[in-house]
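Enquirer: Next up, start.txt (compact mmCIF, C-alpha atoms and all ligand atoms).
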```
# COMPACT_ATOMS: atom_id res chain seq x y z
CA ARG A 1 -75.24 35.28 46.56
CA ILE A 2 -77.61 37.69 44.84
CA LEU A 3 -77.75 38.41 41.13
CA VAL A 4 -79.36 41.76 40.34
CA ARG A 5 -80.84 42.40 36.93
CA VAL A 6 -81.77 46.02 36.22
CA SER A 7 -83.91 47.15 33.27
CA ARG A 8 -84.75 50.71 32.33
CA LEU A 9 -88.42 51.29 31.66
CA GLN A 10 -89.00 53.10 28.40
CA GLY A 11 -92.74 53.72 29.05
CA ASP A 12 -94.59 56.68 27.62
CA GLY A 13 -92.24 59.16 29.19
CA ALA A 14 -94.65 60.24 31.90
CA ARG A 15 -93.14 58.06 34.60
CA PRO A 16 -89.69 56.80 33.61
CA GLY A 17 -88.27 54.24 35.97
CA VAL A 18 -86.14 51.24 36.61
CA ILE A 19 -87.04 47.68 37.54
CA ALA A 20 -84.55 45.72 39.61
CA VAL A 21 -85.06 41.96 39.85
CA PHE A 22 -83.19 40.16 42.61
CA HIS A 23 -82.41 36.47 42.10
CA ASP A 24 -81.02 34.43 44.92
CA VAL A 25 -78.54 32.23 43.02
CA THR A 26 -77.07 30.51 46.08
CA ASP A 27 -78.89 27.27 45.26
CA LEU A 28 -77.93 27.42 41.59
CA ARG A 29 -74.26 27.89 42.47
CA ARG A 30 -74.50 25.04 44.95
CA LEU A 31 -76.04 22.76 42.32
CA GLU A 32 -73.32 23.75 39.88
CA THR A 33 -70.64 22.83 42.44
CA ILE A 34 -72.33 19.49 43.15
CA ARG A 35 -72.39 18.78 39.40
CA THR A 36 -68.74 19.66 38.80
CA ASP A 37 -67.68 17.69 41.90
CA PHE A 38 -69.67 14.74 40.59
CA VAL A 39 -67.99 14.85 37.15
CA ALA A 40 -64.57 15.15 38.82
CA ASN A 41 -65.37 12.17 41.06
CA VAL A 42 -66.62 10.05 38.16
CA SER A 43 -63.53 10.88 36.09
CA HIS A 44 -61.26 9.97 38.95
CA GLU A 45 -63.10 6.71 39.66
CA LEU A 46 -62.98 5.74 35.98
CA ARG A 47 -59.36 6.67 35.53
CA THR A 48 -58.03 4.46 38.33
CA PRO A 49 -59.11 1.09 36.83
CA VAL A 50 -58.40 2.25 33.25
CA THR A 51 -54.82 3.15 34.25
CA ALA A 52 -54.40 -0.22 35.98
CA ILE A 53 -55.63 -2.04 32.86
CA SER A 54 -53.29 -0.07 30.53
CA THR A 55 -50.33 -0.70 32.81
CA ALA A 56 -51.05 -4.44 32.89
CA VAL A 57 -51.44 -4.61 29.10
CA GLU A 58 -48.19 -2.69 28.55
CA THR A 59 -46.32 -4.95 30.94
CA LEU A 60 -47.65 -8.02 29.13
CA GLN A 61 -46.62 -6.56 25.78
CA LEU A 62 -43.14 -5.80 27.08
CA GLY A 63 -42.53 -9.49 27.74
CA ALA A 64 -44.55 -10.62 30.75
CA LEU A 65 -46.91 -12.43 28.35
CA SER A 66 -44.35 -15.16 27.76
CA ASP A 67 -43.46 -15.48 31.42
CA PRO A 68 -45.61 -18.30 32.87
CA HIS A 69 -45.23 -16.88 36.36
CA ASP A 70 -46.02 -13.18 35.69
CA ALA A 71 -48.63 -13.52 32.91
CA PRO A 72 -51.53 -14.85 35.07
CA GLU A 73 -50.92 -12.11 37.64
CA PHE A 74 -51.34 -9.32 35.06
CA VAL A 75 -54.34 -11.04 33.46
CA ALA A 76 -55.95 -11.21 36.92
CA MET A 77 -55.23 -7.50 37.37
CA ILE A 78 -57.02 -6.72 34.08
CA ASP A 79 -59.95 -8.91 35.11
CA ARG A 80 -60.30 -7.27 38.54
CA ASN A 81 -60.21 -3.76 37.15
CA ALA A 82 -62.58 -4.54 34.26
CA ARG A 83 -65.08 -5.82 36.85
CA ARG A 84 -64.65 -2.64 38.84
CA LEU A 85 -65.32 -0.54 35.74
CA ARG A 86 -68.40 -2.56 35.00
CA GLN A 87 -69.75 -2.17 38.55
CA LEU A 88 -69.10 1.55 38.41
CA VAL A 89 -70.87 1.97 35.06
CA ASP A 90 -73.82 -0.16 36.31
CA ASP A 91 -74.12 1.94 39.50
CA LEU A 92 -73.86 5.20 37.55
CA LEU A 93 -76.57 4.09 35.14
CA ASP A 94 -78.79 3.04 38.06
CA LEU A 95 -78.26 6.35 39.78
CA SER A 96 -78.98 8.41 36.67
CA LYS A 97 -82.15 6.40 35.96
CA ILE A 98 -83.32 6.83 39.54
CA GLU A 99 -82.52 10.54 39.59
CA SER A 100 -84.27 11.27 36.28
CA ARG A 101 -87.84 12.29 36.88
CA THR A 102 -89.02 9.78 34.31
CA HIS A 103 -88.12 6.85 36.53
CA LYS A 104 -91.44 5.52 37.81
CA LEU A 105 -91.72 2.85 40.43
CA ASP A 106 -94.46 0.27 40.52
CA LEU A 107 -95.75 0.82 44.07
CA GLN A 108 -98.05 -1.94 45.30
CA ASP A 109 -99.32 -3.42 48.55
CA LEU A 110 -96.96 -6.32 49.15
CA ASP A 111 -95.44 -8.54 51.80
CA VAL A 112 -91.81 -7.56 52.53
CA THR A 113 -90.86 -11.19 53.22
CA SER A 114 -90.16 -12.19 49.64
CA ALA A 115 -87.95 -9.11 49.03
CA VAL A 116 -85.96 -9.96 52.18
CA GLU A 117 -85.59 -13.59 51.13
CA HIS A 118 -84.55 -12.60 47.60
CA ALA A 119 -81.80 -10.27 48.95
CA GLU A 120 -80.59 -12.97 51.32
CA HIS A 121 -80.45 -15.46 48.47
CA LEU A 122 -78.42 -13.08 46.26
CA CYS A 123 -75.91 -12.45 49.06
CA ALA A 124 -75.58 -16.08 50.17
CA GLU A 125 -72.42 -16.69 48.12
CA PRO A 126 -70.43 -13.61 49.28
CA ALA A 127 -71.58 -14.35 52.86
CA ARG A 128 -70.33 -17.93 52.61
CA ARG A 129 -66.97 -16.78 51.21
CA ARG A 130 -66.47 -14.38 54.12
CA ARG A 131 -67.92 -16.84 56.67
CA VAL A 132 -70.61 -14.33 57.62
CA THR A 133 -73.79 -15.72 59.18
CA VAL A 134 -76.97 -14.08 57.94
CA THR A 135 -80.10 -14.54 60.09
CA LEU A 136 -83.65 -13.53 59.20
CA ASP A 137 -85.98 -12.42 61.95
CA LEU A 138 -89.39 -11.85 60.38
CA PRO A 139 -92.57 -11.99 62.48
CA PRO A 140 -95.22 -14.22 60.89
CA GLU A 141 -98.07 -11.72 60.91
CA LEU A 142 -96.46 -8.70 59.26
CA PRO A 143 -98.93 -6.32 57.62
CA LEU A 144 -98.49 -5.51 53.92
CA ALA A 145 -96.38 -2.48 53.04
CA HIS A 146 -96.59 -0.16 50.03
CA PHE A 147 -93.44 -0.47 47.90
CA ASP A 148 -91.85 -1.52 44.59
CA GLN A 149 -90.65 -5.12 44.76
CA ARG A 150 -87.48 -4.69 42.67
CA ALA A 151 -86.53 -1.40 44.31
CA LEU A 152 -86.81 -2.89 47.81
CA GLU A 153 -84.81 -5.93 46.71
CA GLN A 154 -82.06 -3.63 45.44
CA VAL A 155 -82.10 -1.59 48.67
CA LEU A 156 -81.82 -4.69 50.87
CA THR A 157 -79.18 -6.29 48.64
CA ASN A 158 -77.01 -3.14 48.84
CA LEU A 159 -77.34 -2.95 52.65
CA LEU A 160 -76.71 -6.65 53.12
CA ASP A 161 -73.78 -6.61 50.71
CA ASN A 162 -72.20 -3.71 52.69
CA ALA A 163 -72.76 -5.49 56.00
CA ILE A 164 -71.04 -8.60 54.62
CA LYS A 165 -68.19 -6.57 53.10
CA TYR A 166 -67.43 -4.24 55.99
CA ALA A 167 -68.31 -6.31 59.06
CA GLY A 168 -65.45 -8.70 58.28
CA GLU A 169 -64.72 -12.42 58.47
CA GLY A 170 -66.98 -14.40 60.75
CA ALA A 171 -69.40 -11.53 61.43
CA HIS A 172 -73.11 -11.90 62.20
CA VAL A 173 -75.72 -10.05 60.21
CA THR A 174 -79.43 -9.96 61.02
CA ILE A 175 -82.27 -8.73 58.84
CA SER A 176 -85.33 -8.09 60.93
CA ALA A 177 -88.76 -6.58 60.40
CA ARG A 178 -91.22 -5.05 62.83
CA VAL A 179 -94.36 -2.98 62.78
CA GLU A 180 -94.24 0.64 63.83
CA GLU A 181 -97.14 3.03 63.79
CA ARG A 182 -98.39 2.97 60.15
CA LEU A 183 -94.96 1.75 59.04
CA VAL A 184 -93.08 -1.47 58.42
CA ALA A 185 -89.46 -1.13 59.59
CA LEU A 186 -86.70 -3.33 58.19
CA THR A 187 -83.29 -3.41 59.86
CA VAL A 188 -80.00 -4.77 58.55
CA ALA A 189 -77.67 -5.03 61.55
CA ASP A 190 -74.08 -6.26 61.73
CA ASP A 191 -71.59 -6.73 64.56
CA GLY A 192 -68.66 -5.29 62.61
CA PRO A 193 -66.27 -2.44 63.48
CA GLY A 194 -68.90 0.29 63.07
CA ILE A 195 -68.63 3.73 61.46
CA PRO A 196 -67.00 6.66 63.30
CA ALA A 197 -69.65 9.22 64.32
CA GLN A 198 -68.18 12.07 62.25
CA HIS A 199 -68.86 10.13 59.02
CA LEU A 200 -72.43 9.07 59.77
CA GLY A 201 -73.99 12.26 58.42
CA ARG A 202 -72.30 11.89 55.04
CA ILE A 203 -72.30 8.21 54.09
CA PHE A 204 -75.44 8.56 51.94
CA GLU A 205 -73.66 11.08 49.69
CA ARG A 206 -72.47 9.96 46.28
CA PHE A 207 -68.86 8.69 46.38
CA TYR A 208 -68.53 9.29 50.13
CA ARG A 209 -66.53 6.54 51.80
CA VAL A 210 -65.09 6.20 55.25
CA ASP A 211 -61.99 4.46 53.91
CA ALA A 212 -61.72 4.81 50.12
CA GLY A 213 -58.86 2.31 49.77
CA ARG A 214 -60.69 -0.38 51.71
CA SER A 215 -63.93 0.24 49.80
CA ARG A 216 -62.14 -0.10 46.43
CA ASP A 217 -60.32 -3.25 47.54
CA LEU A 218 -63.70 -4.73 48.44
CA GLY A 219 -65.15 -3.81 45.05
CA GLY A 220 -67.13 -0.78 46.27
CA THR A 221 -67.97 2.23 44.11
CA GLY A 222 -69.11 4.65 46.83
CA LEU A 223 -72.54 4.85 45.19
CA GLY A 224 -74.45 2.04 46.93
CA LEU A 225 -75.90 4.03 49.82
CA SER A 226 -76.88 7.00 47.66
CA ILE A 227 -78.82 4.57 45.44
CA VAL A 228 -80.44 3.14 48.60
CA LYS A 229 -81.50 6.57 49.84
CA HIS A 230 -82.95 7.63 46.48
CA LEU A 231 -84.93 4.41 46.07
CA VAL A 232 -86.30 4.50 49.62
CA GLU A 233 -87.41 8.11 49.19
CA LEU A 234 -89.08 7.29 45.87
CA MET A 235 -91.08 4.71 47.85
CA ASN A 236 -92.08 7.44 50.38
CA GLY A 237 -89.95 5.80 53.04
CA THR A 238 -86.90 6.75 55.09
CA VAL A 239 -83.52 5.20 55.77
CA ASP A 240 -81.43 5.80 58.91
CA VAL A 241 -78.13 4.58 60.22
CA GLU A 242 -76.93 4.01 63.78
CA SER A 243 -73.47 2.79 64.57
CA ALA A 244 -71.29 2.16 67.60
CA LEU A 245 -67.53 1.77 67.18
CA GLY A 246 -66.44 -1.78 67.87
CA LYS A 247 -70.05 -2.95 68.21
CA GLY A 248 -71.64 -2.70 64.79
CA THR A 249 -73.91 -0.84 62.42
CA ARG A 250 -77.68 -0.87 61.86
CA PHE A 251 -79.46 0.50 58.83
CA THR A 252 -83.24 0.88 59.20
CA VAL A 253 -85.58 1.29 56.25
CA ARG A 254 -89.14 2.41 57.06
CA LEU A 255 -91.88 1.95 54.50
CA PRO A 256 -95.52 3.01 54.70
CA GLN A 257 -97.98 0.26 55.57
CA ALA A 258 -100.59 -0.63 52.98
CA LYS A 259 -103.76 1.43 53.56
P1 LIG A 301 -69.17 1.45 48.84
O1 LIG A 301 -69.30 1.09 47.41
O2 LIG A 301 -67.88 2.13 49.18
O3 LIG A 301 -69.50 0.33 49.75
P2 LIG A 301 -71.59 2.74 49.86
O4 LIG A 301 -72.27 4.00 49.41
O5 LIG A 301 -72.38 1.50 49.79
O6 LIG A 301 -70.26 2.64 49.04
O7 LIG A 301 -71.10 2.95 51.36
C1 LIG A 301 -70.40 4.15 51.72
C2 LIG A 301 -69.40 3.88 52.84
O8 LIG A 301 -70.10 3.63 54.06
C3 LIG A 301 -68.53 2.67 52.61
O9 LIG A 301 -67.39 2.98 51.83
C4 LIG A 301 -68.15 2.29 54.05
O10 LIG A 301 -67.05 3.09 54.45
C5 LIG A 301 -69.36 2.72 54.87
N1 LIG A 301 -70.25 1.58 55.22
C6 LIG A 301 -71.41 1.22 54.60
N2 LIG A 301 -71.99 0.17 55.22
C7 LIG A 301 -71.19 -0.15 56.27
C8 LIG A 301 -71.25 -1.15 57.32
N3 LIG A 301 -72.25 -2.03 57.40
N4 LIG A 301 -70.24 -1.16 58.23
C9 LIG A 301 -69.22 -0.27 58.17
N5 LIG A 301 -69.10 0.69 57.22
C10 LIG A 301 -70.07 0.76 56.27
```
Taking this structure as input, can you express it in the form of structure tokens?
Ligand code: ADP
Expert:
Amino acid sequence: RILVRVSRLQGDGARPGVIAVFHDVTDLRRLETIRTDFVANVSHELRTPVTAISTAVETLQLGALSDPHDAPEFVAMIDRNARRLRQLVDDLLDLSKIESRTHKLDLQDLDVTSAVEHAEHLCAEPARRRRVTVTLDLPPELPLAHFDQRALEQVLTNLLDNAIKYAGEGAHVTISARVEERLVALTVADDGPGIPAQHLGRIFERFYRVDAGRSRDLGGTGLGLSIVKHLVELMNGTVDVESALGKGTRFTVRLPQAK
């Protein structure tokens, strides 16, 4: 798409002329579409739990409140949806902070071990509830990497949380680290159902889910992996996914080694 702006030159009359300026607005239009899609997605995501809460409140007001059997069910529905709203607002705030240019990370030369252990600790309870075994495989002599401690903890927590959520009851999840040329690579691998190949290219997009219903039921917002990708890139690293249907999924984060 080209926008042409034409101005007539008034000059001194000796050489009258016209200036035509060509702007390629393809990128601008694309950004505009991304923005409107994002607002539409956010509105939709917010409306679903709000509607559920209003319906539950109305039902309670219409009499369910005094029914000892129905009342707890509607209160639980309000609780579940309020949590979902909260998670969504938290993720949106995180994303907007990360995307704003003012967000500065504190990049230092650090050992990845403590970030891995912190993420494992935070996910221990959900793992126990879903009977998922989490194993750490960290070589003892890992070189330091250059990263922000809190950002890496958030990245690993999101990946581990997804592995626990989507791999299913009784699954096995391994977090491992290894040295690659000038990099430290961290992998979160599960033996769950995997992700169909046609979705792999899009799962880092905001609100992209393979199965929206399942993600919502599991408390997902569709923002976790886009937060992961942003944070990793702010740390000058990369994140990749490999998946085989019926075998499992592996996310690999690569960070620069300390110089
Ligand atoms: P959500 O809040 O839905 O989990 P994410 O951005 O974290 O959002 O993930 C996007 C989608 O990628 C998920 O909805 C799920 O379909 C898929 N996904 C992520 N991690 C895994 C995994 N370990 N196994 C299978 N599917 C996964």
Enquirer: Hey, which of A:Arg35, A:Arg178, A:His172, A:His44 ends up closest to Ala145 (chain A)? Count all atoms listed in the file.
Expert: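 Among the listed residues, the smallest separation from Ala145 (chain A) belongs to A:Arg178.
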Enquirer: From the set A:Arg131, A:Arg83, A:Lys165, A:Arg29, which residue has the shortest atom-to-atom contact distance to ligand LIG 301 (chain A), counting only C-alpha atoms and all ligand atoms?
Expert: A:Lys165
Enquirer: Can you build me a table of chain A residues sitting at most 6 Å from ligand LIG 301 (chain A), with the closest atom pair per residue and its distance in Å to one decimal, using only C-alpha atoms and all ligand atoms, sorted by chain and residue number, as CSV?
Expert:
```
residue,atom,partner,partner_atom,distance
A:Asn162,CA,A:LIG301,N2,4.6
A:Ala163,CA,A:LIG301,N3,3.8
A:Tyr166,CA,A:LIG301,N4,4.7
A:Ala167,CA,A:LIG301,N4,5.6
A:Gly194,CA,A:LIG301,C9,4.9
A:Ile195,CA,A:LIG301,C9,5.2
A:Ile203,CA,A:LIG301,C1,5.1
A:Tyr208,CA,A:LIG301,C1,5.7
A:Arg209,CA,A:LIG301,O9,3.7
A:Val210,CA,A:LIG301,O10,3.8
A:Asp211,CA,A:LIG301,O10,5.3
A:Ser215,CA,A:LIG301,O2,4.4
A:Gly220,CA,A:LIG301,O1,3.1
A:Thr221,CA,A:LIG301,O1,3.7
A:Gly222,CA,A:LIG301,O6,3.2
A:Leu223,CA,A:LIG301,O4,4.3
A:Gly224,CA,A:LIG301,O5,3.6
A:Leu225,CA,A:LIG301,O4,3.7
A:Ser226,CA,A:LIG301,O4,5.8
A:Thr249,CA,A:LIG301,N3,5.4
```
Enquirer: In Å, with one decimal, what is the gap from CA of Val239 (chain A) to CA of Thr157 (chain A)?
Expert: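 Interatomic distance here is 14.2 Å.
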Enquirer: Choose the residue, out of A:Cys123, A:Ala64, A:Val132, A:Leu107, that has the smallest atom-to-atom separation from Leu160 (chain A); count all atoms listed in the file.
Expert: A:Cys123
Enquirer: Anything within 7 Å of (-86.7, 44.5, 35.7): list those residues as a ChimeraX atom specification, counting only C-alpha atoms and sticking to the file's coordinates.
Expert: /A:5-7,18-21
Enquirer: Which residue is closest to Leu46 (chain A)? Choose from A:His69, A:His230, A:Arg250, A:Arg84 and count all atoms listed in the file.
Expert: A:Arg84
Enquirer: Which one of A:Gly63, A:Pro68, A:Gly246, A:Pro143 sits closest to Lys259 (chain A) if you count all atoms listed in the file?
Expert: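 Answer, going by the shortest atom-to-atom distance: A:Pro143.
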Enquirer: Quick check, in Å to one decimal: how far apart do CA of Ser176 (chain A) and CA of Gln154 (chain A) lie?
Expert: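 Going from CA of Ser176 (chain A) over to CA of Gln154 (chain A), I get 16.4 Å.
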Enquirer: May I ask which of the residues A:Pro49, A:Gly168, A:Pro140, A:Pro72 is the closest one to Leu218 (chain A), counting only C-alpha atoms?
Expert: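 Looking only at the distances to Leu218 (chain A), the closest residue turns out to be A:Gly168.
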Enquirer: Rounded to one decimal, what separation in Å do you get between CA of Lys97 (chain A) and CA of Asp109 (chain A)?
Expert: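 A separation of 23.4 Å between them.
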Enquirer: List every protein, DNA or RNA residue that has an atom no more than 7 Å from (-76.2, 32.0, 42.7) in the file's coordinate frame, counting only C-alpha atoms, and report them as a list in words.
Expert: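 Returned residue set, sorted by chain then number, is Arg1, Ile2, Leu3, Asp24, Val25, Thr26, Asp27, Leu28 and Arg29 of chain A.
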Enquirer: Need the shell around Ile227 (chain A): protein/DNA/RNA residues with any atom at most 9 Å away, counting only C-alpha atoms. Skip same-chain ones fewer than 4 positions apart. Format as JSON, numbers by chain?
Expert: {"A": [91, 94, 95, 98, 154, 155, 158, 204, 206, 223, 231, 232]}
Enquirer: Since we have the selection now, will you write its residues out, keeping C-alpha atoms, as a short mmCIF file (atom, residue, chain, number, x, y, z; two decimals), in the frame of the given file?
Expert:
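Generated file (result.cif):
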```cif
data_model
loop_
_atom_site.label_atom_id
_atom_site.label_comp_id
_atom_site.auth_asym_id
_atom_site.auth_seq_id
_atom_site.Cartn_x
_atom_site.Cartn_y
_atom_site.Cartn_z
CA ASP A 91 -74.12 1.94 39.50
CA ASP A 94 -78.79 3.04 38.06
CA LEU A 95 -78.26 6.35 39.78
CA ILE A 98 -83.32 6.83 39.54
CA GLN A 154 -82.06 -3.63 45.44
CA VAL A 155 -82.10 -1.59 48.67
CA ASN A 158 -77.01 -3.14 48.84
CA PHE A 204 -75.44 8.56 51.94
CA ARG A 206 -72.47 9.96 46.28
CA LEU A 223 -72.54 4.85 45.19
CA LEU A 231 -84.93 4.41 46.07
CA VAL A 232 -86.30 4.50 49.62
#
```
Enquirer: Just need the box for region 119-125 of chain A, edges along x, y and z, holding every atom the file lists for it with 8 Å tacked onto each side, so centre and edge lengths in Å to one decimal, as lines of an AutoDock Vina configuration file.
Expert:
```
center_x = -77.1
center_y = -13.5
center_z = 48.8
size_x = 25.4
size_y = 22.4
size_z = 21.1
```
Enquirer: List the neighbours of Asp137 (chain A) out to 12 Å using only C-alpha atoms; skip same-chain residues closer than 3 positions along the sequence, and give me the result as a list of chain:residue names.
Expert: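 These residues fall inside the cut-off: A:Thr113, A:Val116, A:Glu117, A:Glu120, A:Val134, A:Pro140, A:Leu142, A:Val173, A:Thr174, A:Ile175, A:Ser176, A:Ala177, A:Arg178, A:Leu186, A:Thr187, A:Val188, A:Ala189.
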